[in-house]
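*Asks:* The following file, upload14.pdb, comprises PDB, N, CA and C atoms:
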```
ATOM      1  N   MET A  18       0.837  -1.167   0.000
ATOM      2  CA  MET A  18       0.000   0.000   0.000
ATOM      3  C   MET A  18       0.886   1.236   0.000
ATOM      4  N   GLY A  19       1.622   1.455   0.959
ATOM      5  CA  GLY A  19       2.636   2.508   1.010
ATOM      6  C   GLY A  19       2.138   3.879   0.654
ATOM      7  N   ASP A  20       2.855   4.520  -0.281
ATOM      8  CA  ASP A  20       2.591   5.916  -0.628
ATOM      9  C   ASP A  20       1.644   6.094  -1.804
ATOM     10  N   ARG A  21       1.106   5.008  -2.340
ATOM     11  CA  ARG A  21       0.212   5.134  -3.504
ATOM     12  C   ARG A  21      -1.141   5.691  -3.079
ATOM     13  N   PRO A  22      -1.645   6.671  -3.830
ATOM     14  CA  PRO A  22      -2.966   7.214  -3.502
ATOM     15  C   PRO A  22      -4.059   6.190  -3.842
ATOM     16  N   ASP A  23      -5.133   6.261  -3.131
ATOM     17  CA  ASP A  23      -6.256   5.372  -3.367
ATOM     18  C   ASP A  23      -6.913   5.763  -4.692
ATOM     19  N   GLU A  24      -6.903   4.851  -5.673
ATOM     20  CA  GLU A  24      -7.431   5.152  -7.003
ATOM     21  C   GLU A  24      -8.894   4.744  -7.166
ATOM     22  N   ARG A  25      -9.480   4.210  -6.118
ATOM     23  CA  ARG A  25     -10.883   3.821  -6.228
ATOM     24  C   ARG A  25     -11.755   5.050  -6.373
ATOM     25  N   GLN A  26     -12.785   4.898  -7.216
ATOM     26  CA  GLN A  26     -13.717   5.999  -7.427
ATOM     27  C   GLN A  26     -15.133   5.436  -7.480
ATOM     28  N   ALA A  27     -16.066   6.257  -7.146
ATOM     29  CA  ALA A  27     -17.460   5.856  -7.281
ATOM     30  C   ALA A  27     -17.789   5.770  -8.768
ATOM     31  N   PHE A  28     -18.575   4.801  -9.139
ATOM     32  CA  PHE A  28     -18.962   4.711 -10.546
ATOM     33  C   PHE A  28     -20.274   5.431 -10.770
ATOM     34  N   ARG A  29     -20.423   5.901 -11.986
ATOM     35  CA  ARG A  29     -21.612   6.659 -12.356
ATOM     36  C   ARG A  29     -22.717   5.680 -12.759
ATOM     37  N   ILE A  30     -23.919   5.866 -12.242
ATOM     38  CA  ILE A  30     -25.066   5.043 -12.607
ATOM     39  C   ILE A  30     -25.788   5.731 -13.751
ATOM     40  N   GLU A  31     -25.897   5.007 -14.854
ATOM     41  CA  GLU A  31     -26.559   5.568 -16.021
ATOM     42  C   GLU A  31     -28.065   5.399 -15.875
ATOM     43  N   THR A  32     -28.785   6.488 -15.922
ATOM     44  CA  THR A  32     -30.235   6.438 -15.730
ATOM     45  C   THR A  32     -30.988   6.341 -17.049
ATOM     46  N   ASP A  33     -30.326   6.513 -18.167
ATOM     47  CA  ASP A  33     -31.015   6.494 -19.458
ATOM     48  C   ASP A  33     -31.030   5.101 -20.097
ATOM     49  N   ARG A  34     -30.504   4.088 -19.415
ATOM     50  CA  ARG A  34     -30.454   2.737 -19.971
ATOM     51  C   ARG A  34     -31.625   1.902 -19.466
ATOM     52  N   GLN A  35     -32.048   0.964 -20.288
ATOM     53  CA  GLN A  35     -33.135   0.058 -19.949
ATOM     54  C   GLN A  35     -32.553  -1.234 -19.388
ATOM     55  N   PRO A  36     -33.242  -1.886 -18.451
ATOM     56  CA  PRO A  36     -32.748  -3.165 -17.930
ATOM     57  C   PRO A  36     -32.762  -4.234 -19.022
ATOM     58  N   VAL A  37     -31.911  -5.197 -18.865
ATOM     59  CA  VAL A  37     -31.833  -6.284 -19.830
ATOM     60  C   VAL A  37     -32.971  -7.262 -19.571
ATOM     61  N   ASP A  38     -33.674  -7.633 -20.630
ATOM     62  CA  ASP A  38     -34.780  -8.574 -20.524
ATOM     63  C   ASP A  38     -34.231  -9.988 -20.541
ATOM     64  N   PRO A  39     -34.603 -10.843 -19.564
ATOM     65  CA  PRO A  39     -34.077 -12.199 -19.529
ATOM     66  C   PRO A  39     -34.675 -13.115 -20.584
ATOM     67  N   GLY A  40     -35.732 -12.692 -21.234
ATOM     68  CA  GLY A  40     -36.372 -13.542 -22.235
ATOM     69  C   GLY A  40     -36.851 -12.729 -23.404
ATOM     70  N   ARG A  41     -37.780 -13.299 -24.130
ATOM     71  CA  ARG A  41     -38.312 -12.597 -25.294
ATOM     72  C   ARG A  41     -39.302 -11.519 -24.848
ATOM     73  N   ALA A  42     -39.606 -10.630 -25.746
ATOM     74  CA  ALA A  42     -40.586  -9.592 -25.463
ATOM     75  C   ALA A  42     -41.958 -10.241 -25.277
ATOM     76  N   PRO A  43     -42.787  -9.726 -24.381
ATOM     77  CA  PRO A  43     -44.083 -10.345 -24.099
ATOM     78  C   PRO A  43     -44.975 -10.483 -25.331
ATOM     79  N   ASP A  44     -44.856  -9.573 -26.287
ATOM     80  CA  ASP A  44     -45.720  -9.621 -27.464
ATOM     81  C   ASP A  44     -45.059 -10.297 -28.668
ATOM     82  N   ALA A  45     -43.852 -10.824 -28.487
ATOM     83  CA  ALA A  45     -43.160 -11.495 -29.589
ATOM     84  C   ALA A  45     -43.806 -12.852 -29.868
ATOM     85  N   PRO A  46     -43.860 -13.221 -31.149
ATOM     86  CA  PRO A  46     -44.455 -14.530 -31.470
ATOM     87  C   PRO A  46     -43.593 -15.672 -30.951
ATOM     88  N   THR A  47     -44.223 -16.777 -30.660
ATOM     89  CA  THR A  47     -43.502 -17.941 -30.177
ATOM     90  C   THR A  47     -43.710 -19.096 -31.154
ATOM     91  N   SER A  48     -42.755 -19.993 -31.219
ATOM     92  CA  SER A  48     -42.894 -21.128 -32.116
ATOM     93  C   SER A  48     -43.330 -22.384 -31.359
ATOM     94  N   PHE A  49     -43.584 -22.270 -30.068
ATOM     95  CA  PHE A  49     -43.981 -23.425 -29.271
ATOM     96  C   PHE A  49     -45.395 -23.863 -29.626
ATOM     97  N   ASP A  50     -45.563 -25.150 -29.865
ATOM     98  CA  ASP A  50     -46.862 -25.734 -30.158
ATOM     99  C   ASP A  50     -47.172 -26.741 -29.051
ATOM    100  N   PRO A  51     -48.129 -26.460 -28.175
ATOM    101  CA  PRO A  51     -48.403 -27.366 -27.058
ATOM    102  C   PRO A  51     -48.978 -28.711 -27.491
ATOM    103  N   ALA A  52     -49.322 -28.858 -28.759
ATOM    104  CA  ALA A  52     -49.875 -30.119 -29.246
ATOM    105  C   ALA A  52     -48.813 -31.006 -29.890
ATOM    106  N   ARG A  53     -47.574 -30.508 -30.047
ATOM    107  CA  ARG A  53     -46.526 -31.260 -30.737
ATOM    108  C   ARG A  53     -45.244 -31.235 -29.905
ATOM    109  N   LEU A  54     -44.694 -32.423 -29.631
ATOM    110  CA  LEU A  54     -43.456 -32.508 -28.855
ATOM    111  C   LEU A  54     -42.280 -31.966 -29.657
ATOM    112  N   ASP A  55     -41.387 -31.273 -28.972
ATOM    113  CA  ASP A  55     -40.218 -30.694 -29.648
ATOM    114  C   ASP A  55     -38.900 -31.230 -29.083
ATOM    115  N   PHE A  56     -38.945 -32.399 -28.442
ATOM    116  CA  PHE A  56     -37.729 -32.975 -27.866
ATOM    117  C   PHE A  56     -37.853 -34.490 -27.818
ATOM    118  N   GLY A  57     -36.725 -35.146 -27.653
ATOM    119  CA  GLY A  57     -36.695 -36.573 -27.380
ATOM    120  C   GLY A  57     -37.028 -37.474 -28.558
ATOM    121  N   HIS A  58     -37.236 -38.737 -28.232
ATOM    122  CA  HIS A  58     -37.492 -39.776 -29.228
ATOM    123  C   HIS A  58     -38.754 -39.486 -30.045
ATOM    124  N   HIS A  59     -39.746 -38.875 -29.440
ATOM    125  CA  HIS A  59     -41.021 -38.607 -30.105
ATOM    126  C   HIS A  59     -41.120 -37.181 -30.649
ATOM    127  N   ALA A  60     -40.004 -36.493 -30.797
ATOM    128  CA  ALA A  60     -40.016 -35.113 -31.309
ATOM    129  C   ALA A  60     -40.718 -35.066 -32.657
ATOM    130  N   GLY A  61     -41.613 -34.089 -32.794
ATOM    131  CA  GLY A  61     -42.355 -33.923 -34.033
ATOM    132  C   GLY A  61     -43.721 -34.582 -34.023
ATOM    133  N   ARG A  62     -43.940 -35.507 -33.133
ATOM    134  CA  ARG A  62     -45.238 -36.166 -33.036
ATOM    135  C   ARG A  62     -46.190 -35.320 -32.202
ATOM    136  N   THR A  63     -47.471 -35.453 -32.504
ATOM    137  CA  THR A  63     -48.471 -34.719 -31.729
ATOM    138  C   THR A  63     -48.873 -35.546 -30.510
ATOM    139  N   ILE A  64     -49.471 -34.875 -29.558
ATOM    140  CA  ILE A  64     -49.967 -35.547 -28.360
ATOM    141  C   ILE A  64     -51.046 -36.566 -28.762
ATOM    142  N   GLU A  65     -51.868 -36.222 -29.734
ATOM    143  CA  GLU A  65     -52.909 -37.152 -30.185
ATOM    144  C   GLU A  65     -52.304 -38.397 -30.819
ATOM    145  N   GLU A  66     -51.247 -38.253 -31.611
ATOM    146  CA  GLU A  66     -50.570 -39.421 -32.190
ATOM    147  C   GLU A  66     -50.029 -40.324 -31.092
ATOM    148  N   LEU A  67     -49.412 -39.695 -30.084
ATOM    149  CA  LEU A  67     -48.840 -40.473 -28.986
ATOM    150  C   LEU A  67     -49.919 -41.176 -28.166
ATOM    151  N   ALA A  68     -51.083 -40.573 -28.042
ATOM    152  CA  ALA A  68     -52.170 -41.213 -27.302
ATOM    153  C   ALA A  68     -52.579 -42.509 -27.977
ATOM    154  N   ALA A  69     -52.451 -42.552 -29.293
ATOM    155  CA  ALA A  69     -52.829 -43.762 -30.027
ATOM    156  C   ALA A  69     -51.736 -44.825 -29.996
ATOM    157  N   ILE A  70     -50.462 -44.401 -30.026
ATOM    158  CA  ILE A  70     -49.382 -45.390 -30.130
ATOM    159  C   ILE A  70     -48.655 -45.674 -28.825
ATOM    160  N   ASP A  71     -48.638 -44.694 -27.904
ATOM    161  CA  ASP A  71     -47.890 -44.889 -26.653
ATOM    162  C   ASP A  71     -48.500 -44.071 -25.513
ATOM    163  N   PRO A  72     -49.712 -44.408 -25.077
ATOM    164  CA  PRO A  72     -50.357 -43.626 -24.013
ATOM    165  C   PRO A  72     -49.604 -43.691 -22.684
ATOM    166  N   ASP A  73     -48.865 -44.778 -22.451
ATOM    167  CA  ASP A  73     -48.082 -44.860 -21.214
ATOM    168  C   ASP A  73     -47.004 -43.779 -21.169
ATOM    169  N   TYR A  74     -46.429 -43.449 -22.324
ATOM    170  CA  TYR A  74     -45.435 -42.374 -22.377
ATOM    171  C   TYR A  74     -46.083 -41.046 -21.986
ATOM    172  N   LEU A  75     -47.294 -40.808 -22.464
ATOM    173  CA  LEU A  75     -47.980 -39.557 -22.105
ATOM    174  C   LEU A  75     -48.285 -39.496 -20.612
ATOM    175  N   ARG A  76     -48.658 -40.620 -20.037
ATOM    176  CA  ARG A  76     -48.917 -40.634 -18.593
ATOM    177  C   ARG A  76     -47.636 -40.348 -17.812
ATOM    178  N   TRP A  77     -46.518 -40.867 -18.317
ATOM    179  CA  TRP A  77     -45.229 -40.581 -17.683
ATOM    180  C   TRP A  77     -44.874 -39.110 -17.870
ATOM    181  N   LEU A  78     -45.035 -38.608 -19.096
ATOM    182  CA  LEU A  78     -44.685 -37.219 -19.405
ATOM    183  C   LEU A  78     -45.519 -36.244 -18.590
ATOM    184  N   GLU A  79     -46.750 -36.602 -18.331
ATOM    185  CA  GLU A  79     -47.647 -35.764 -17.537
ATOM    186  C   GLU A  79     -47.069 -35.472 -16.150
ATOM    187  N   HIS A  80     -46.343 -36.429 -15.586
ATOM    188  CA  HIS A  80     -45.782 -36.287 -14.242
ATOM    189  C   HIS A  80     -44.343 -35.810 -14.230
ATOM    190  N   HIS A  81     -43.689 -35.792 -15.375
ATOM    191  CA  HIS A  81     -42.280 -35.423 -15.464
ATOM    192  C   HIS A  81     -42.142 -33.915 -15.675
ATOM    193  N   PRO A  82     -41.097 -33.280 -15.100
ATOM    194  CA  PRO A  82     -40.921 -31.833 -15.280
ATOM    195  C   PRO A  82     -40.853 -31.391 -16.753
ATOM    196  N   SER A  83     -40.301 -32.219 -17.622
ATOM    197  CA  SER A  83     -40.203 -31.818 -19.029
ATOM    198  C   SER A  83     -41.567 -31.793 -19.718
ATOM    199  N   GLY A  84     -42.580 -32.366 -19.086
ATOM    200  CA  GLY A  84     -43.911 -32.367 -19.671
ATOM    201  C   GLY A  84     -44.827 -31.287 -19.142
ATOM    202  N   THR A  85     -44.323 -30.439 -18.278
ATOM    203  CA  THR A  85     -45.154 -29.402 -17.663
ATOM    204  C   THR A  85     -45.911 -28.578 -18.696
ATOM    205  N   ARG A  86     -45.234 -28.155 -19.730
ATOM    206  CA  ARG A  86     -45.876 -27.282 -20.718
ATOM    207  C   ARG A  86     -46.849 -28.019 -21.625
ATOM    208  N   TYR A  87     -46.869 -29.345 -21.561
ATOM    209  CA  TYR A  87     -47.779 -30.143 -22.374
ATOM    210  C   TYR A  87     -48.962 -30.700 -21.577
ATOM    211  N   ARG A  88     -49.003 -30.476 -20.284
ATOM    212  CA  ARG A  88     -50.005 -31.117 -19.429
ATOM    213  C   ARG A  88     -51.438 -30.822 -19.835
ATOM    214  N   ALA A  89     -51.745 -29.587 -20.164
ATOM    215  CA  ALA A  89     -53.114 -29.251 -20.540
ATOM    216  C   ALA A  89     -53.545 -30.042 -21.772
ATOM    217  N   GLU A  90     -52.661 -30.156 -22.747
ATOM    218  CA  GLU A  90     -52.989 -30.900 -23.962
ATOM    219  C   GLU A  90     -53.078 -32.399 -23.675
ATOM    220  N   ILE A  91     -52.198 -32.910 -22.836
ATOM    221  CA  ILE A  91     -52.260 -34.328 -22.452
ATOM    222  C   ILE A  91     -53.585 -34.613 -21.759
ATOM    223  N   HIS A  92     -53.994 -33.735 -20.850
ATOM    224  CA  HIS A  92     -55.269 -33.922 -20.154
ATOM    225  C   HIS A  92     -56.439 -33.869 -21.127
ATOM    226  N   ARG A  93     -56.357 -32.961 -22.087
ATOM    227  CA  ARG A  93     -57.437 -32.855 -23.076
ATOM    228  C   ARG A  93     -57.545 -34.137 -23.899
ATOM    229  N   VAL A  94     -56.404 -34.624 -24.366
ATOM    230  CA  VAL A  94     -56.400 -35.793 -25.242
ATOM    231  C   VAL A  94     -56.757 -37.075 -24.497
ATOM    232  N   LEU A  95     -56.233 -37.240 -23.303
ATOM    233  CA  LEU A  95     -56.505 -38.459 -22.540
ATOM    234  C   LEU A  95     -57.819 -38.395 -21.767
ATOM    235  N   GLY A  96     -58.432 -37.215 -21.736
ATOM    236  CA  GLY A  96     -59.681 -37.070 -21.011
ATOM    237  C   GLY A  96     -59.496 -36.992 -19.516
ATOM    238  N   VAL A  97     -58.327 -36.565 -19.077
ATOM    239  CA  VAL A  97     -58.022 -36.462 -17.652
ATOM    240  C   VAL A  97     -58.540 -35.131 -17.126
ATOM    241  N   VAL A  98     -59.255 -35.186 -16.029
ATOM    242  CA  VAL A  98     -59.724 -33.967 -15.374
ATOM    243  C   VAL A  98     -59.048 -33.911 -14.019
ATOM    244  N   PRO A  99     -57.964 -33.105 -13.890
ATOM    245  CA  PRO A  99     -57.289 -33.038 -12.594
ATOM    246  C   PRO A  99     -58.169 -32.376 -11.546
ATOM    247  N   LEU A 100     -58.159 -32.934 -10.366
ATOM    248  CA  LEU A 100     -58.939 -32.393  -9.259
ATOM    249  C   LEU A 100     -58.026 -31.651  -8.298
ATOM    250  N   SER A 101     -58.557 -30.644  -7.647
ATOM    251  CA  SER A 101     -57.749 -29.885  -6.699
ATOM    252  C   SER A 101     -57.374 -30.731  -5.480
ATOM    253  N   THR A 102     -58.112 -31.806  -5.252
ATOM    254  CA  THR A 102     -57.820 -32.671  -4.111
ATOM    255  C   THR A 102     -56.925 -33.851  -4.471
ATOM    256  N   ASP A 103     -56.509 -33.930  -5.733
ATOM    257  CA  ASP A 103     -55.669 -35.026  -6.210
ATOM    258  C   ASP A 103     -54.205 -34.646  -5.990
ATOM    259  N   TRP A 104     -53.676 -34.941  -4.824
ATOM    260  CA  TRP A 104     -52.335 -34.487  -4.446
ATOM    261  C   TRP A 104     -51.207 -35.336  -5.047
ATOM    262  N   GLU A 105     -51.527 -36.462  -5.617
ATOM    263  CA  GLU A 105     -50.487 -37.314  -6.185
ATOM    264  C   GLU A 105     -50.153 -36.955  -7.623
ATOM    265  N   ARG A 106     -50.811 -36.040  -8.218
ATOM    266  CA  ARG A 106     -50.522 -35.629  -9.601
ATOM    267  C   ARG A 106     -49.368 -34.694  -9.627
TER     268      ARG A 106
END
```
Here is the file; what I need is its structure written in the form of structure tokens.

*Replies:*
Amino acid sequence: MGDRPDERQAFRIETDRQPVDPGRAPDAPTSFDPARLDFGHHAGRTIEELAAIDPDYLRWLEHHPSGTRYRAEIHRVLGVVPLSTDWER
């Protein structure tokens, strides 16, 4: 430390800048289709196709975190009506 002057300075806060958005703009179009899987072995298939060929996969996907965004469509296709008292779902 010795004889060196302290070079630290307060930094200036810019008030004319906008915060950085962590995602897309709220009104921007999205390419997500809740009726068609976009990942995994069944990518490109619709929920309705999977209900006909592999309904067990849909039941698994319904409970898996990666299926969260597809749950409404899975329920529609499989005819599942979730109840507020159904704590195991």

*Asks:* What is the atom CA of A:Phe49-atom CA of A:Pro82 distance in Å, reported with one decimal?

*Replies:*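 So the answer is 16.6 Å.
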
*Asks:* When distances are computed from all atoms listed in the file, which of A:Arg25, A:Ala52, A:Thr47, A:Gly96 shows the smallest separation from A:Glu66?

*Replies:*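 Between A:Arg25, A:Ala52, A:Thr47, A:Gly96, the residue approaching A:Glu66 most closely is A:Ala52.
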
*Asks:* Distance atom CA of A:Ala60-atom C of A:Val97, one decimal place?

*Replies:*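 Here the two named atoms are 23.3 Å from each other.
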
*Asks:* To one decimal place in Å, what is the distance between atom N of A:Thr32 and atom N of A:Pro46?

*Replies:* 29.1 Å

*Asks:* Apply the PyMOL selection byres (((chain A and resi 74-78 and name CA) around 10) and name CA) to the structure shown and report the selected residues as a ChimeraX atom specification.

*Replies:* /A:59,64-65,67-68,70-73,79-85,87-88,91-92,94-95

*Asks:* Hey, could you pull the box centre and edge lengths for stretch 50-69 of chain A, axis-aligned, 3 Å padding per side, all listed atoms, to one decimal in Å, as AutoDock Vina command-line options?

*Replies:*
```
--center_x -44.8 --center_y -35.0 --center_z -30.5 --size_x 22.2 --size_y 25.7 --size_z 13.0
```
